[in-house]
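Chemist: I'd like to ask some things about the structure below.
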Amino acid sequence: MPAKDYASTRYSGLTEINVTNVASLAVAWQWPTGRMPGHEAPPLVIGSVLYFVTPFPNELFALELASAQPTVKWHYAPPVLMGAAGVACCDQVNRGIVYDGGRIFFNTLDNQTIAVDAESGAEIWRVRLGDINRGETMTMAPLVVKGKVLVGNSGGELGVRGWLTALDAASGEIAWRAFSTGPDADVLIGPDYDPHYEQERGTDLGVTSWPGEAWRIGGGTVWGWLSYDPELDLVYYGTSNPGPWNPDVRPGDNKWTSGIFARDPDTGFARWFYQLSPHDTFDYDGVNENVLIEREIAGRMRRVLLHPDRNGYIYEIDRASGEVLAAKPYVHITTSTGVDLATGRLQHAPEKSPELGKVIRDICPSAAGGKDWQPSSYSPRTRLLYIPHQNLCTDWEVTGVNYIAGTPYLGVNSTMYAGPGGHRGELTAWDPESGAPVWRLTERFPVWSGTLVTAGDVVFYGTMDRRFKAVDARTGEHLWEHETSSGIVGQPIAYRGPDGKQYVAVFAGVGGWAGAIVSQGLSPEDPTAGGGFVGAMQDLPQYTGAGGELYVFALP
Amino acid sequence: MSLRCRRGLVRPAAVATLAFAVGCEREQRAFRATPPSPVEQGLQAGDLRAGPPGTAAAAPERLTPERVDVETRPGRDDLAPRPTPGQLSDQPRLAADGSGRAEAPFQANRWAVAEGKRLYEWFNCAGCHAPGGGGGMGPSFMDAQWRYGDAAPSVFASIVEGRPQGMPSFRERLHSGDVWKLVAYVRTLGRLTPKDVWPARGDEMAELQLEGPRSRSSGPASAAEPASQPELTP
C-alpha cells in the first residue's frame with residue numbers, strides 16, 4: 001500500500017543501507033515514464049515486480065525486476081476523458097496505487113476506479129464514480145480494508161461535494177458512500193456516532209451549518225490519505241476545505257469539512273468526527289496523513305493518531321474517542337492563536353479574518369498550509385515524525401464568487417511568498433513526546449516530496465531543485481545526495497529486490513500545485529497564477545524543467 | 001429568469017449577486033453573431049508565418065522577444081489598420097483596408113477591454129486562468145503559446161464552443177458582444193491589442209509586482225544558497 005502499512009508510517013525495516021554506508025549510494029537503474037505532469041505517486045514492489053501509475057492519463061506499468069535489466073512485464077492504459085486535465089485544480093497528479101489479493105487498484109483523474117490483475121495486466125473491473133463536468137476528479141491513492149476498496153474524490157476548489165466510497169474489491173460495486181456534507185443519512189451518521197466534542201453533536205449539521213442549499217456545492221472532498229486501525233476496526237481520513245474559499249457566502253461551521261472522520265469500514269457509519277478548522281477561511285484542508293502510533297501518556301498507553309495539519313498545528317488525537325490530546329504549532333502561524341483543548345475549537349485570529357474586497361496580508365501559513373499532501377514518515381526506532389513541509393505566507397483578497405459547474409468556485413485572489421527566514425521549505429523531525437522539533441532542515445523550495453525513514457536510521461526525501469537526499473534520522477546530518485533530471489515531488493520507497501539487495505526508489509518529475517509553474521507552463525510574471533502559488537515559485541524554472549523518471553538506487 | 005438562474009444556490013455578496021442577475025438577463029438574449037472564421041477573414045495557411053494576407057511575396061515576419069509593439073508588426077490583420085475610434089458594434093464589420101475581409105469587433109476599443117476585464121472575473125475566467133492571466137488549471141494568456149492560435153476568431157471560438165482539454169463552453173452564458181469583449185481582454189493580457197487600450201491594473205493586490213519570492217517578515221528572500229544545516233533545538 002502507498003503508506004507502507006495501515007498505520008501510514010512509511011517506515012522500512014530494511015537495514016542494509018544505513019547511516020554508515022549511505023554516502024556510497026549510487027543509481028542502479030532509471031526508467032522514464034514519458035509523462036510530464038507532477039509525479040507524486042510512489043512505485044510499489046510486490047515480489048519481483050515493480051508497479052507504478054503515471055500522472056494523467058494514468059497508465060499503469062509493471063516492470064519485471066528478476067532479469068538483469070528491468071523489462072516491461074505488462075502495460076495497461078485505461079480509456080480516459082482528456083477533458084479531465086482541465087478540471088484538475090493542481091496539476092494532473094496521481095498519488096499512488098494499492099495492491100491487494102493479486103490485484104492492483106487505482107484511480108484515474110476522470111473519476112474511474114480500476115482493478116487490474118497484477119500478474120497479467122488484464123482489467124478486472126472499471127467503474128466511474130464522478131463527473132468531470134461538475135468539476136470532480138480523483139487523485140488519491142485507494143486503501144483496501146476487509147475486501148473493500150476505499151476511494152475519495154477531489155475538486156474542493158470547484159464546488160464539488162466530497163465523499164468517501166467503498167467498493168467491493170471483487171466486483172467494483174458500491175458498498176457504501178459517505179458524503180462530507182448534507183443530511184446525516186448521506187453522511188452516514190447513525191446511532192454509533194459518538195464524537196468527543198460538543199461542537200460535533202447535533203442533527204443534520206451537514207445541512208444546518210450551511211446557508212440554504214450551499215452544502216450541495218460545499219467541498220469536503222476526500223483526496224488525501226486513509227489509515228486503518230484493525231483492532232479498533234476504524235478507518236481514519238480527513239476532509240478538504242469548504243467551498244468556496246470566500247467565507248462570507250457560507251456562514252456557519254460548514255460541517256463536515258476540514259476535519260477528520262473515524263468510520264466503520266464495513267458499514268461506513270461514522271464513529272467520531274473532529275473539525276480541525278471550523279468555518280475554514282484559508283483553504284486549510286484536513287486531508288493530511290494520520291499516522292497511527294501507540295504512546296505512553298501520563299503513565300497510560302494511548303492509541304493516538306498524529307496529524308500535521310494544513311492549519312499549522314500537529315494534532316495528537318486519541319483515535320478511539322476523537323479527543324485532542326495535544327495541538328502544537330510546527331510552523332509560523334498568524335491566522336489563529338491556538339487550539340482550545342477543552343472545546344477542541346481552533347482560536348481564529350480576528351485581525352486575519354477575511355473581508356470582501358479587502359486584502360489581508362501576512363497570512364501564515366498560506367493556503368497550501370504548514371504542510372500539504374506530502375506525507376510524513378515515523379520511525380519506531382527514533383520515535384520521531386519526519387515532516388516534509390513548506391514555510392509560506394500569503395496575501396488574501398476575498399472577491400465576489402459565482403458558481404459555474406466545472407469551473408473553480410473560489411472567490412479569492414491570492415499570492416504566496418516565503419515565511420520568516422526567506423526559505424520556502426523545511427523538513428522537521430518532530431518529537432511527539434516533547435511536542436517540539438528535535439531538528440529542522442531548511443530548503444530553498446517547499447519540500448513537496450514525501451519522506452521515507454528506514455531501520456538504517458536514514459531519512460530520504462527529494463527537493464524541487466532536483467536533489468534526492470539522505471540525512472541522519474537522529475541528527476538531521478546531511479549524508480548523501482544525488483542530482484536528478486527534474487525536481488522531486490514523489491514518495492520515496494525502500495524495497496528488497498529479487499537479488500536480496502536493498503533498493504531505494506523515487507520518481508523525479510516536478511509538478512503538483514507547487515510545481516505547476518513548470519509542469520503546466522504558468523507565467524512567472526503573474527504572482528496570482530496557479531492559485532497564488534506562482535508568487536512563491538517564480539524562480540523554479542531556473543532550477544528545473546518538467547520531467548518524469550523513476551530513479552532506483554543501491555549500494556555498489 | 002431561466003431555471004438555472006432560479007437554482008442559484010448561494011446568495012453571495014452584493015457584487016456577485018449582481019453579476020449573477022446580469023448574467024441571467026443576458027442569457028435571454030439571442031446569440032447574435034457567428035464569429036468570422038479565419039477563412040472568412042482571408043487568412044490562408046501561409047499567412048500564419050508570412051506577411052499581410054494576399055500579398056504574394058510577403059516579407060518574413062519580424063520576430064521579437066517582446067510583443068509590445070504589435071501595432072508595428074506586419075501581418076496582424078485584426079489590428080492594422082486601426083479600427084475607427086468609438087466602434088461599439090459587436091458585429092463583425094469589414095476591415096477598413098478595403099480588402100473585403102471581416103474584422104473582429106472591439107479589439108482596439110478601450111471601453112470594451114475594460115468591460116472584458118470585469119467579465120473575466122464575473123464569469124470565472126480568473127478561476128482557471130488566474131486573476132492576472134498567468135494560468136492555473138487553464139493555460140496562461142501571458143506567454144506566446146496559444147494552443148489554438150492567438151487570432152481573435154480562435155479565442156472567440158474557444159469561449160463559445162469550449163475546447164477538449166477542459167475549457168467549458170460559454171455559449172449558454174454569454175451573448176456574442178460580451179464574448180468579443182472577453183476576447184479583447186484576454187488578448188490584451190497577451191499584449192496582442194494596441195497598447196493604448198490596455199486597462200489600468202487592479203490596485204487591490206498592488207504589492208504584486210515583479211519582486212520575486214520574498215518574505216515580508218524578514219525582508220526579501222536572499223538569493224544565497226539555502227542553509228541546509230540542521231537547526232538543533234535544545
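Just so we're on the same page: first chain in the C-alpha cells is A, next is B, and so on; residues restart at 1 for each chain, and ligands are numbered from 1 in the order they show up.
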Excluding same-chain residues fewer than 3 positions from Gln538 (chain A), what lies within 9 Å of it counting only C-alpha atoms, as a list in words?
Modeler: Ile517, Ser523, Pro524, Glu525, Asp526, Pro527, Phe533, Val534, Gly535, Pro541 and Gln542 of chain A; Gly212 and Pro213 of chain B
Chemist: Generate the output file for the selected residues, N, CA and C atoms, as a short mmCIF file (atom, residue, chain, number, x, y, z; two decimals), in the first residue's frame.
Modeler:
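Writing the result to result.cif gives the following:
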data_model
loop_
_atom_site.label_atom_id
_atom_site.label_comp_id
_atom_site.auth_asym_id
_atom_site.auth_seq_id
_atom_site.Cartn_x
_atom_site.Cartn_y
_atom_site.Cartn_z
N ILE A 517 3.93 25.74 -12.00
CA ILE A 517 4.56 26.79 -12.81
C ILE A 517 5.44 26.17 -13.88
N SER A 523 2.78 31.42 -16.01
CA SER A 523 3.61 32.59 -16.25
C SER A 523 4.14 33.16 -14.94
N PRO A 524 5.47 33.18 -14.79
CA PRO A 524 6.04 33.73 -13.56
C PRO A 524 5.74 35.21 -13.37
N GLU A 525 5.35 35.91 -14.45
CA GLU A 525 5.04 37.33 -14.34
C GLU A 525 3.80 37.58 -13.51
N ASP A 526 2.95 36.55 -13.36
CA ASP A 526 1.68 36.74 -12.65
C ASP A 526 1.72 36.00 -11.32
N PRO A 527 1.95 36.72 -10.23
CA PRO A 527 2.05 36.03 -8.93
C PRO A 527 0.72 35.47 -8.44
N PHE A 533 0.11 30.25 -6.02
CA PHE A 533 1.38 29.59 -5.68
C PHE A 533 2.54 30.10 -6.51
N VAL A 534 2.23 30.59 -7.73
CA VAL A 534 3.30 31.07 -8.60
C VAL A 534 4.07 32.22 -7.94
N GLY A 535 3.37 32.99 -7.09
CA GLY A 535 4.04 34.09 -6.41
C GLY A 535 5.26 33.63 -5.63
N PRO A 541 11.54 27.77 -12.48
CA PRO A 541 12.02 27.37 -13.82
C PRO A 541 13.52 27.55 -14.01
N GLN A 542 14.17 28.32 -13.14
CA GLN A 542 15.63 28.45 -13.24
C GLN A 542 16.33 27.22 -12.66
N GLY B 212 9.84 38.98 -7.26
CA GLY B 212 10.40 37.66 -6.99
C GLY B 212 9.97 37.21 -5.62
N PRO B 213 10.36 36.01 -5.26
CA PRO B 213 9.97 35.48 -3.96
C PRO B 213 10.45 36.40 -2.85
#
Chemist: Provide the CA of Asn153 (chain A) to CA of Phe460 (chain A) distance in Å, to one decimal place.
Modeler: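 Answer for the CA of Asn153 (chain A) to CA of Phe460 (chain A) separation: 29.1 Å.
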Chemist: Please compute the CA of Ala342 (chain A)-CA of Ala298 (chain A) distance, one decimal, in Å.
Modeler: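 These atoms are spaced 17.7 Å apart.
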Chemist: If you run DSSP on the backbone, which residues of region 367-418 of chain A are strand (DSSP E), as a ChimeraX atom specification?
Modeler: /A:377-379,384-390,392-398,412-418
Chemist: Give me the residues near region 133-139 of chain B as a ChimeraX atom specification, where near means some atom within 8 Å (using only C-alpha atoms) and where sequence neighbours in that chain fewer than 2 positions away do not count.
Modeler: /A:85-91,516,520-531 /B:126-131,141-142,166-167,186,189
Chemist: Could you write out the selected residues, including N, CA and C atoms, as an mmCIF file, in the first residue's frame?
Modeler:
data_model
loop_
_atom_site.group_PDB
_atom_site.id
_atom_site.type_symbol
_atom_site.label_atom_id
_atom_site.label_comp_id
_atom_site.auth_asym_id
_atom_site.auth_seq_id
_atom_site.Cartn_x
_atom_site.Cartn_y
_atom_site.Cartn_z
ATOM 1 N N ALA A 85 -8.185 16.894 -17.658
ATOM 2 C CA ALA A 85 -6.995 17.714 -17.406
ATOM 3 C C ALA A 85 -7.387 19.148 -17.058
ATOM 4 N N GLY A 86 -8.491 19.611 -17.631
ATOM 5 C CA GLY A 86 -8.875 20.998 -17.444
ATOM 6 C C GLY A 86 -9.679 21.266 -16.187
ATOM 7 N N VAL A 87 -10.029 20.243 -15.425
ATOM 8 C CA VAL A 87 -10.757 20.470 -14.178
ATOM 9 C C VAL A 87 -9.956 20.019 -12.963
ATOM 10 N N ALA A 88 -8.692 19.665 -13.190
ATOM 11 C CA ALA A 88 -7.829 19.294 -12.066
ATOM 12 C C ALA A 88 -7.234 20.567 -11.483
ATOM 13 N N CYS A 89 -7.488 20.781 -10.194
ATOM 14 C CA CYS A 89 -7.133 22.079 -9.614
ATOM 15 C C CYS A 89 -5.663 22.341 -9.640
ATOM 16 N N CYS A 90 -4.838 21.236 -9.423
ATOM 17 C CA CYS A 90 -3.459 21.478 -9.028
ATOM 18 C C CYS A 90 -2.530 20.516 -9.734
ATOM 19 N N ASP A 91 -2.494 20.638 -11.040
ATOM 20 C CA ASP A 91 -1.707 19.752 -11.884
ATOM 21 C C ASP A 91 -2.433 18.395 -11.956
ATOM 22 N N ALA A 516 3.404 23.532 -10.494
ATOM 23 C CA ALA A 516 2.616 23.722 -11.718
ATOM 24 C C ALA A 516 3.207 24.809 -12.601
ATOM 25 N N GLN A 520 2.957 22.889 -15.829
ATOM 26 C CA GLN A 520 1.835 23.403 -16.622
ATOM 27 C C GLN A 520 2.203 24.682 -17.371
ATOM 28 N N GLY A 521 3.425 25.118 -17.250
ATOM 29 C CA GLY A 521 3.871 26.279 -18.011
ATOM 30 C C GLY A 521 3.164 27.571 -17.630
ATOM 31 N N LEU A 522 2.976 27.809 -16.342
ATOM 32 C CA LEU A 522 2.328 29.042 -15.912
ATOM 33 C C LEU A 522 3.314 30.203 -16.005
ATOM 34 N N SER A 523 2.778 31.418 -16.009
ATOM 35 C CA SER A 523 3.613 32.594 -16.250
ATOM 36 C C SER A 523 4.145 33.163 -14.938
ATOM 37 N N PRO A 524 5.467 33.183 -14.794
ATOM 38 C CA PRO A 524 6.043 33.734 -13.560
ATOM 39 C C PRO A 524 5.735 35.210 -13.368
ATOM 40 N N GLU A 525 5.349 35.911 -14.453
ATOM 41 C CA GLU A 525 5.038 37.333 -14.341
ATOM 42 C C GLU A 525 3.797 37.582 -13.507
ATOM 43 N N ASP A 526 2.951 36.552 -13.359
ATOM 44 C CA ASP A 526 1.682 36.736 -12.651
ATOM 45 C C ASP A 526 1.725 36.004 -11.317
ATOM 46 N N PRO A 527 1.953 36.718 -10.227
ATOM 47 C CA PRO A 527 2.052 36.026 -8.927
ATOM 48 C C PRO A 527 0.721 35.466 -8.436
ATOM 49 N N THR A 528 -0.398 35.822 -9.074
ATOM 50 C CA THR A 528 -1.676 35.225 -8.682
ATOM 51 C C THR A 528 -1.941 33.928 -9.448
ATOM 52 N N ALA A 529 -1.069 33.577 -10.370
ATOM 53 C CA ALA A 529 -1.297 32.385 -11.189
ATOM 54 C C ALA A 529 -1.216 31.130 -10.320
ATOM 55 N N GLY A 530 -1.825 30.062 -10.837
ATOM 56 C CA GLY A 530 -1.768 28.780 -10.138
ATOM 57 C C GLY A 530 -2.276 28.860 -8.719
ATOM 58 N N GLY A 531 -3.430 29.517 -8.540
ATOM 59 C CA GLY A 531 -4.000 29.631 -7.203
ATOM 60 C C GLY A 531 -3.112 30.412 -6.246
ATOM 61 N N ALA B 126 -11.057 34.029 -14.362
ATOM 62 C CA ALA B 126 -9.954 34.202 -13.419
ATOM 63 C C ALA B 126 -9.714 32.928 -12.616
ATOM 64 N N GLY B 127 -10.769 32.152 -12.383
ATOM 65 C CA GLY B 127 -10.623 30.941 -11.586
ATOM 66 C C GLY B 127 -9.640 29.965 -12.195
ATOM 67 N N CYS B 128 -9.690 29.805 -13.512
ATOM 68 C CA CYS B 128 -8.802 28.843 -14.176
ATOM 69 C C CYS B 128 -7.535 29.490 -14.716
ATOM 70 N N HIS B 129 -7.682 30.694 -15.266
ATOM 71 C CA HIS B 129 -6.540 31.312 -15.966
ATOM 72 C C HIS B 129 -5.811 32.317 -15.084
ATOM 73 N N ALA B 130 -6.235 32.436 -13.832
ATOM 74 C CA ALA B 130 -5.630 33.289 -12.798
ATOM 75 C C ALA B 130 -6.083 34.747 -12.928
ATOM 76 N N PRO B 131 -6.234 35.409 -11.791
ATOM 77 C CA PRO B 131 -6.671 36.811 -11.802
ATOM 78 C C PRO B 131 -5.798 37.684 -12.706
ATOM 79 N N PHE B 141 -2.374 33.328 -20.446
ATOM 80 C CA PHE B 141 -2.550 34.235 -21.584
ATOM 81 C C PHE B 141 -1.346 35.160 -21.749
ATOM 82 N N MET B 142 -0.386 35.022 -20.851
ATOM 83 C CA MET B 142 0.705 35.991 -20.844
ATOM 84 C C MET B 142 1.907 35.523 -21.654
ATOM 85 N N GLY B 166 -10.696 20.710 -21.433
ATOM 86 C CA GLY B 166 -11.356 21.123 -20.208
ATOM 87 C C GLY B 166 -11.992 22.501 -20.276
ATOM 88 N N MET B 167 -11.724 23.278 -21.312
ATOM 89 C CA MET B 167 -12.362 24.588 -21.430
ATOM 90 C C MET B 167 -13.856 24.382 -21.673
ATOM 91 N N VAL B 186 -8.631 39.153 -22.955
ATOM 92 C CA VAL B 186 -7.609 38.106 -22.790
ATOM 93 C C VAL B 186 -6.475 38.305 -23.786
ATOM 94 N N LEU B 189 -4.147 40.696 -22.268
ATOM 95 C CA LEU B 189 -3.224 40.058 -21.322
ATOM 96 C C LEU B 189 -2.014 39.488 -22.059
#
Chemist: Would you list the contacts of Val72 (chain A) as a list in words, taking every protein, DNA or RNA residue within 7 Å and counting only C-alpha atoms, but skipping same-chain residues closer than 2 positions in sequence?
Modeler: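 These residues fall inside the cut-off: Ala62, Leu63, Glu64, Pro70 and Trp74 of chain A.
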Chemist: By how many Å are CA of Trp272 (chain A) and CA of Tyr236 (chain A) apart?
Modeler: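 Going from CA of Trp272 (chain A) over to CA of Tyr236 (chain A) covers 9.7 Å.
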Chemist: Nearest to chain B: which of A:Glu231, A:Glu123, A:Asp186, A:Asp110 is it, counting only C-alpha atoms?
Modeler: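 Nearest to chain B: A:Asp110.
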Chemist: With distances taken over only C-alpha atoms, which of A:Arg319, A:Lys4, A:Arg381, A:Arg295 is nearest to Pro230 (chain A)?
Modeler: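 Comparing A:Arg319, A:Lys4, A:Arg381, A:Arg295 against Pro230 (chain A), the winner is A:Arg319.
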